[in-house]
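Structure file target.txt (compact mmCIF, C-alpha atoms) follows.
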```txt
# COMPACT_ATOMS: atom_id res chain seq x y z
CA MET I 271 0.00 0.00 0.00
CA SER I 272 1.29 3.43 -0.88
CA ASP I 273 -0.12 6.79 0.17
CA ILE I 274 1.50 9.59 -1.86
CA LEU I 275 1.07 13.36 -1.87
CA LEU I 276 2.66 15.10 -4.88
CA PRO I 277 3.64 18.78 -5.28
CA GLU I 278 0.29 19.75 -6.78
CA ASP I 279 -1.54 18.20 -3.82
CA ILE I 280 0.12 20.12 -1.00
CA ALA I 281 1.27 23.56 0.10
CA ASP I 282 4.99 23.79 0.78
CA GLU I 283 4.55 25.69 4.02
CA ALA I 284 5.76 25.46 7.60
CA SER I 285 4.86 22.60 9.91
CA SER I 286 1.59 24.34 10.86
CA ASP I 287 0.26 23.16 7.49
CA PRO I 288 -1.97 20.14 8.28
CA ARG I 289 -0.30 18.37 5.36
CA GLY I 290 3.22 19.49 6.32
CA ASN I 291 6.07 17.35 7.61
CA ALA I 292 5.27 17.67 11.33
CA ALA I 293 1.62 16.66 11.01
CA PHE I 294 2.55 13.90 8.57
CA ILE I 295 5.14 12.39 10.92
CA GLU I 296 2.82 12.62 13.92
CA LYS I 297 0.15 10.76 11.96
CA HIS I 298 2.29 7.92 10.62
CA ALA I 299 5.18 7.45 13.06
CA GLY I 300 5.40 4.25 15.06
CA PRO I 301 8.02 2.23 16.97
CA GLY I 302 10.28 0.35 14.57
CA ARG I 303 8.98 2.08 11.48
CA ILE I 304 11.44 3.49 8.95
CA GLY I 305 11.77 7.13 7.97
CA LEU I 306 13.17 8.29 4.65
CA CYS I 307 13.89 11.86 3.64
CA GLY I 308 15.25 13.69 0.62
CA GLY I 309 17.10 16.90 1.37
CA ARG I 310 17.81 19.98 -0.71
CA ASP I 311 21.31 20.91 0.47
CA PHE I 312 24.43 20.05 -1.55
CA ILE I 313 25.36 16.83 0.28
CA ASN I 314 21.81 15.48 0.22
CA LYS I 315 21.47 16.25 -3.49
CA LEU I 316 24.81 14.55 -4.13
CA ILE I 317 23.65 11.38 -2.37
CA ARG I 318 20.37 11.45 -4.25
CA LYS I 319 22.17 11.89 -7.58
CA ALA I 320 24.61 9.09 -6.78
CA GLN I 321 21.68 6.66 -6.52
CA SER I 322 20.49 7.38 -10.07
CA PRO I 323 21.70 3.94 -11.30
CA LEU I 324 19.01 2.44 -9.03
CA THR I 325 16.10 4.50 -10.37
CA VAL I 326 13.90 3.43 -13.26
CA ASP I 327 14.28 6.68 -15.21
CA GLY I 328 17.91 7.47 -14.32
CA HIS I 329 16.98 10.62 -12.41
CA ARG I 330 18.25 11.26 -8.91
CA SER I 331 16.58 9.27 -6.16
CA LEU I 332 13.87 10.81 -4.01
CA TRP I 333 15.84 9.84 -0.90
CA SER I 334 19.13 10.79 0.72
CA HIS I 335 18.76 9.54 4.30
CA ALA I 336 17.13 6.73 6.28
CA PHE I 337 16.42 6.46 10.00
CA LEU I 338 14.63 4.23 12.49
CA PHE I 339 11.80 5.35 14.75
CA SER I 340 12.53 4.38 18.34
CA GLU I 341 9.66 5.52 20.57
CA ARG I 342 7.74 8.51 21.89
CA ARG I 343 9.48 9.55 25.09
CA ILE I 344 8.25 11.15 28.30
CA ASP I 345 9.02 14.55 26.73
CA GLY I 346 6.20 13.92 24.25
CA HIS I 347 8.53 13.73 21.24
CA TRP I 348 9.27 10.92 18.82
CA TRP I 349 12.94 9.93 18.91
CA VAL I 350 14.83 8.26 16.08
CA ILE I 351 18.04 6.24 15.85
CA GLU I 352 20.22 7.14 12.88
CA SER I 353 23.76 7.29 11.60
CA ASP I 354 24.46 10.78 10.37
CA LEU I 355 26.96 13.56 9.83
CA ASP I 356 25.51 16.18 12.16
CA MET I 357 27.36 19.44 11.62
CA ARG I 358 24.62 21.87 12.54
CA TYR I 359 26.00 22.62 15.97
CA LYS I 360 29.34 23.61 17.46
CA GLN I 361 29.85 20.00 18.51
CA ILE I 362 30.12 17.84 15.40
CA ARG I 363 28.63 14.35 15.73
CA LEU I 364 29.61 11.61 13.29
CA GLY I 365 27.92 8.26 13.57
CA VAL I 366 25.09 6.47 15.31
CA GLN I 367 23.04 8.88 17.40
CA GLU I 368 19.58 9.43 18.82
CA ASN I 369 17.64 12.59 17.93
CA ARG I 370 14.19 14.06 18.11
CA VAL I 371 12.41 13.57 14.80
CA GLU I 372 11.54 17.27 14.79
CA ARG I 373 14.78 17.90 12.90
CA TYR I 374 12.85 16.67 9.82
CA TYR I 375 9.89 19.01 10.28
CA ASP I 376 11.46 21.63 7.98
CA ALA I 377 9.76 21.13 4.61
CA GLN I 378 12.18 23.53 2.90
CA ALA I 379 15.22 21.50 3.97
CA PHE I 380 13.49 18.11 3.55
CA PRO I 381 10.88 18.39 0.78
CA ASN I 382 10.50 14.60 0.51
CA ILE I 383 9.53 12.56 3.54
CA ALA I 384 8.27 8.98 3.88
CA ILE I 385 7.40 6.50 6.61
CA LEU I 386 7.47 2.77 5.88
CA ASP I 387 5.64 0.14 7.92
CA PHE I 388 6.77 -3.46 7.42
CA GLY I 389 4.09 -4.86 9.74
CA LEU I 390 6.46 -5.95 12.49
CA ASN I 391 5.24 -8.37 15.14
CA ASP I 392 6.11 -7.79 18.79
CA GLU I 393 9.16 -10.05 18.75
CA GLN I 394 10.60 -8.49 15.60
CA LEU I 395 10.06 -5.01 17.03
CA ARG I 396 11.81 -5.96 20.27
CA LYS I 397 14.84 -7.36 18.44
CA ILE I 398 15.07 -4.36 16.10
CA GLN I 399 14.92 -1.86 18.94
CA ILE I 400 17.54 -3.78 20.93
CA ALA I 401 19.82 -3.83 17.89
CA GLY I 402 19.50 -0.07 17.56
CA LEU I 403 20.30 0.51 21.23
CA ASP I 404 23.31 -1.82 20.95
CA LEU I 405 24.65 0.35 18.11
CA LEU I 406 24.11 3.46 20.21
CA SER I 407 25.95 2.03 23.18
CA GLY I 408 28.75 0.78 20.92
CA LEU I 409 29.34 4.30 19.56
CA TYR I 410 29.37 3.17 15.94
CA SER I 411 30.83 5.78 13.61
CA TYR I 412 29.50 7.07 10.29
CA SER I 413 31.40 5.39 7.48
CA ILE I 414 32.01 7.61 4.46
CA SER I 415 34.26 4.94 2.96
CA GLU I 416 31.46 2.36 3.18
CA LEU I 417 29.09 4.84 1.55
CA VAL I 418 31.59 5.24 -1.29
CA GLY I 419 31.81 1.44 -1.57
CA THR I 420 28.03 1.24 -1.84
CA LEU I 421 27.96 3.93 -4.52
CA MET I 422 30.58 2.01 -6.49
CA ALA I 423 28.55 -1.20 -6.24
CA MET I 424 25.42 0.47 -7.65
CA HIS I 425 27.01 0.34 -11.12
CA SER I 426 27.62 -3.42 -11.02
CA ARG I 427 25.20 -6.26 -10.30
CA ARG I 428 28.17 -8.42 -9.37
CA LEU I 429 29.51 -5.97 -6.82
CA ARG I 430 26.05 -5.39 -5.37
CA LYS I 431 25.92 -9.04 -4.30
CA ARG I 432 29.40 -9.00 -2.75
CA SER I 433 30.44 -7.59 0.59
CA ASN I 434 31.11 -3.86 0.54
CA LEU I 435 34.66 -3.42 -0.79
CA LEU I 436 35.34 -0.60 1.70
CA ALA I 437 33.60 -2.07 4.74
CA LYS I 438 34.93 -1.16 8.19
CA GLU I 439 34.38 -2.64 11.64
CA GLY I 440 32.35 -0.51 14.02
CA ALA I 441 30.97 1.76 11.31
CA LEU I 442 27.65 2.14 9.48
CA TYR I 443 26.06 4.77 7.26
CA CYS I 444 22.34 5.57 7.50
CA SER I 445 20.58 2.90 5.42
CA ALA I 446 23.12 0.24 6.43
CA LEU I 447 22.17 0.96 10.06
CA VAL I 448 18.49 0.46 9.29
CA GLN I 449 19.23 -2.81 7.48
CA HIS I 450 21.47 -3.97 10.35
CA CYS I 451 18.67 -3.44 12.85
CA TYR I 452 16.02 -5.05 10.66
CA ALA I 453 18.28 -8.04 10.04
CA ALA I 454 18.07 -8.68 13.78
CA GLY I 455 14.34 -9.10 13.21
CA GLY I 456 14.92 -11.45 10.27
CA ILE I 457 14.19 -8.91 7.53
CA GLU I 458 16.39 -8.26 4.49
CA PHE I 459 15.15 -5.45 2.26
CA LEU I 460 16.81 -6.86 -0.88
CA PRO I 461 17.57 -10.56 -0.47
CA GLY I 462 21.02 -11.30 -1.87
CA VAL I 463 22.34 -7.75 -1.37
CA PRO I 464 24.56 -7.37 1.73
CA GLY I 465 23.45 -4.85 4.34
CA LYS I 466 26.40 -2.56 3.74
CA ASN I 467 25.41 -2.20 0.08
CA ILE I 468 21.85 -1.08 0.87
CA ALA I 469 20.98 2.50 -0.09
CA PRO I 470 17.96 4.57 1.04
CA HIS I 471 16.41 4.04 -2.40
CA ASP I 472 16.66 0.25 -1.92
CA ILE I 473 14.61 0.40 1.26
CA ASP I 474 11.85 2.31 -0.49
CA GLU I 475 11.88 -0.16 -3.40
CA SER I 476 12.01 -3.30 -1.25
CA PRO I 477 9.87 -6.11 -2.72
CA LEU I 478 8.85 -7.18 0.79
CA PRO I 479 5.24 -6.42 1.75
CA HIS I 480 4.97 -3.03 3.44
CA SER I 481 2.88 0.12 3.49
CA THR I 482 4.35 3.47 2.51
CA HIS I 483 3.18 6.97 3.33
CA ARG I 484 5.01 9.83 1.65
CA ILE I 485 5.03 13.49 0.73
CA ILE I 486 6.94 14.26 -2.47
CA ARG I 487 7.75 17.89 -3.28
CA ASP I 488 10.95 17.36 -5.27
CA LEU I 489 10.68 14.72 -7.99
CA GLY I 490 14.42 14.65 -8.55
CA VAL I 491 14.54 15.82 -12.17
CA SER I 492 17.59 18.02 -12.70
CA THR I 493 17.07 21.53 -14.07
CA VAL I 494 19.32 20.79 -17.07
CA ARG I 495 17.40 17.63 -17.95
CA GLU I 496 14.07 19.36 -17.44
CA LEU I 497 15.12 22.18 -19.80
CA GLY I 498 16.36 19.65 -22.33
CA HIS I 499 13.07 17.77 -22.17
CA ARG I 500 11.09 20.98 -22.68
CA SER I 501 13.33 21.94 -25.61
CA LEU I 502 12.70 18.59 -27.29
CA GLN I 503 8.96 19.02 -26.78
CA TRP I 504 9.14 22.50 -28.32
CA ILE I 505 11.11 21.21 -31.34
CA ASP I 506 8.65 18.34 -31.84
CA SER I 507 5.66 20.68 -31.68
CA ALA I 508 7.37 23.10 -34.10
CA LEU I 509 8.06 20.32 -36.59
CA ASP I 510 4.47 19.14 -36.37
```

How does this structure look as structure tokens?
Amino acid sequence: MSDILLPEDIADEASSDPRGNAAFIEKHAGPGRIGLCGGRDFINKLIRKAQSPLTVDGHRSLWSHAFLFSERRIDGHWWVIESDLDMRYKQIRLGVQENRVERYYDAQAFPNIAILDFGLNDEQLRKIQIAGLDLLSGLYSYSISELVGTLMAMHSRRLRKRSNLLAKEGALYCSALVQHCYAAGGIEFLPGVPGKNIAPHDIDESPLPHSTHRIIRDLGVSTVRELGHRSLQWIDSALD
């Protein structure tokens, strides 16, 4: 099941918009569910573009980051477990961390947002949450080298099915963290593809039964390609 809101369906406003990121997350969040987002800054766009070999049309992916919903705490906020490069503050954090999900409320910074529900049973949920907490306590780092290894493997079916060529102990990038935790619950998003070769786009495209709720404001078509497409349409109409 997929519930999608496209640019023409929504107003790209602040979180007070009933169809904005905050209201959307509050409606669909749940323990053990997976969050995906697609950002607009340079690094996020670069990650989205790098996943173009995985998309059907060759455009950049909708997604640049994946995270795992933990629980709603006593402070009333949903908290997520993620592996990230957090450079927004004076203290730089690199690796597995726990944050309030409100960091993804900003629709300008994160125009695309999705929540995936794989229908976990109680035992799967328990194992997945424990795996996430184990990574937190183990202070796993964010692995840029593993991310590069994953990007390399996207261009080769053979490499995709092999262990990440640049894998490191004690390190995980975002979607590899989500796959690591879900593997503890017996779930592999793409059977035959190792966890450290899993990209955010792979999680969204998993053939396993799941429901998806998403808001899409940025379809991922580059400005250059969009202009080229419009030019071809203009030429075709002129010739006709």

List every residue of range 425-469 of chain I that has an atom at most 8 Å from any atom of range 334-350 of chain I, and for each one report the closest atom pair and its distance in Å to one decimal, counting all atoms listed in the file, with rows sorted by chain and then by increasing residue number, as a Markdown table.
```
| residue | atom | partner | partner_atom | distance |
| --- | --- | --- | --- | --- |
| I:Cys444 | CA | I:Ala336 | CA | 5.5 |
| I:Ser445 | CA | I:Ala336 | CA | 5.2 |
| I:Leu447 | CA | I:Phe337 | CA | 8.0 |
| I:Val448 | CA | I:Leu338 | CA | 6.3 |
```

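Taking CA of Asn382 in chain I as the reference point, CA of Cys307 in chain I is found at 5.4 Å.
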
Close residues, Leu403 in chain I itself excluded, 10 Å, all atoms listed in the file, min 3 positions apart in chain, as an MDAnalysis selection string = chainID I and resid 340 351 366:368 397:400 406:409 451

Near Gly490 in chain I, counting all atoms listed in the file, which residues have an atom at most 9 Å away, once you skip same-chain residues fewer than 5 positions from it, shown as an MDAnalysis selection string?
-> chainID I and resid 315 318:319 329:332

Grab the CA of Leu435 in chain I to CA of Ala469 in chain I distance for me, in Å with one decimal place.
->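 Taking CA of Leu435 in chain I and CA of Ala469 in chain I, their separation equals 14.9 Å.
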
Compile the contact shell of His450 in chain I as a ChimeraX atom specification: residues with an atom at most 9 Å away, counting all atoms listed in the file, same-chain residues fewer than 4 positions apart removed.
-> /I:398,401-402,442,445-446,454,458,465-466

From I:Gly290, I:Gly365, I:Gly455, I:Pro470, residue lying nearest Asp392 in chain I [all atoms listed in the file] |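 Ranked by minimum distance to Asp392 in chain I, first place goes to I:Gly455.
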
In terms of the shortest atom-to-atom distance over only C-alpha atoms, which of I:Thr325, I:Asn291, I:Ser426, I:Asn314 is closest to Glu475 in chain I?
->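 Going through I:Thr325, I:Asn291, I:Ser426, I:Asn314 one by one, the smallest distance to Glu475 in chain I is for I:Thr325.
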
Go through I:Ile313, I:Leu386, I:Val463, I:Val371 and flag the residue nearest His298 in chain I, using only C-alpha atoms for the distances.
-> I:Leu386

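Proximity ranking of I:Ala293, I:Leu395, I:Ala441, I:Ala423 relative to Ala453 in chain I places I:Leu395 first, based on all atoms listed in the file.
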
Rounded to one decimal in Å, what is the spacing between CA of Ser433 in chain I and CA of Asn467 in chain I?
->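 The value is 7.4 Å.
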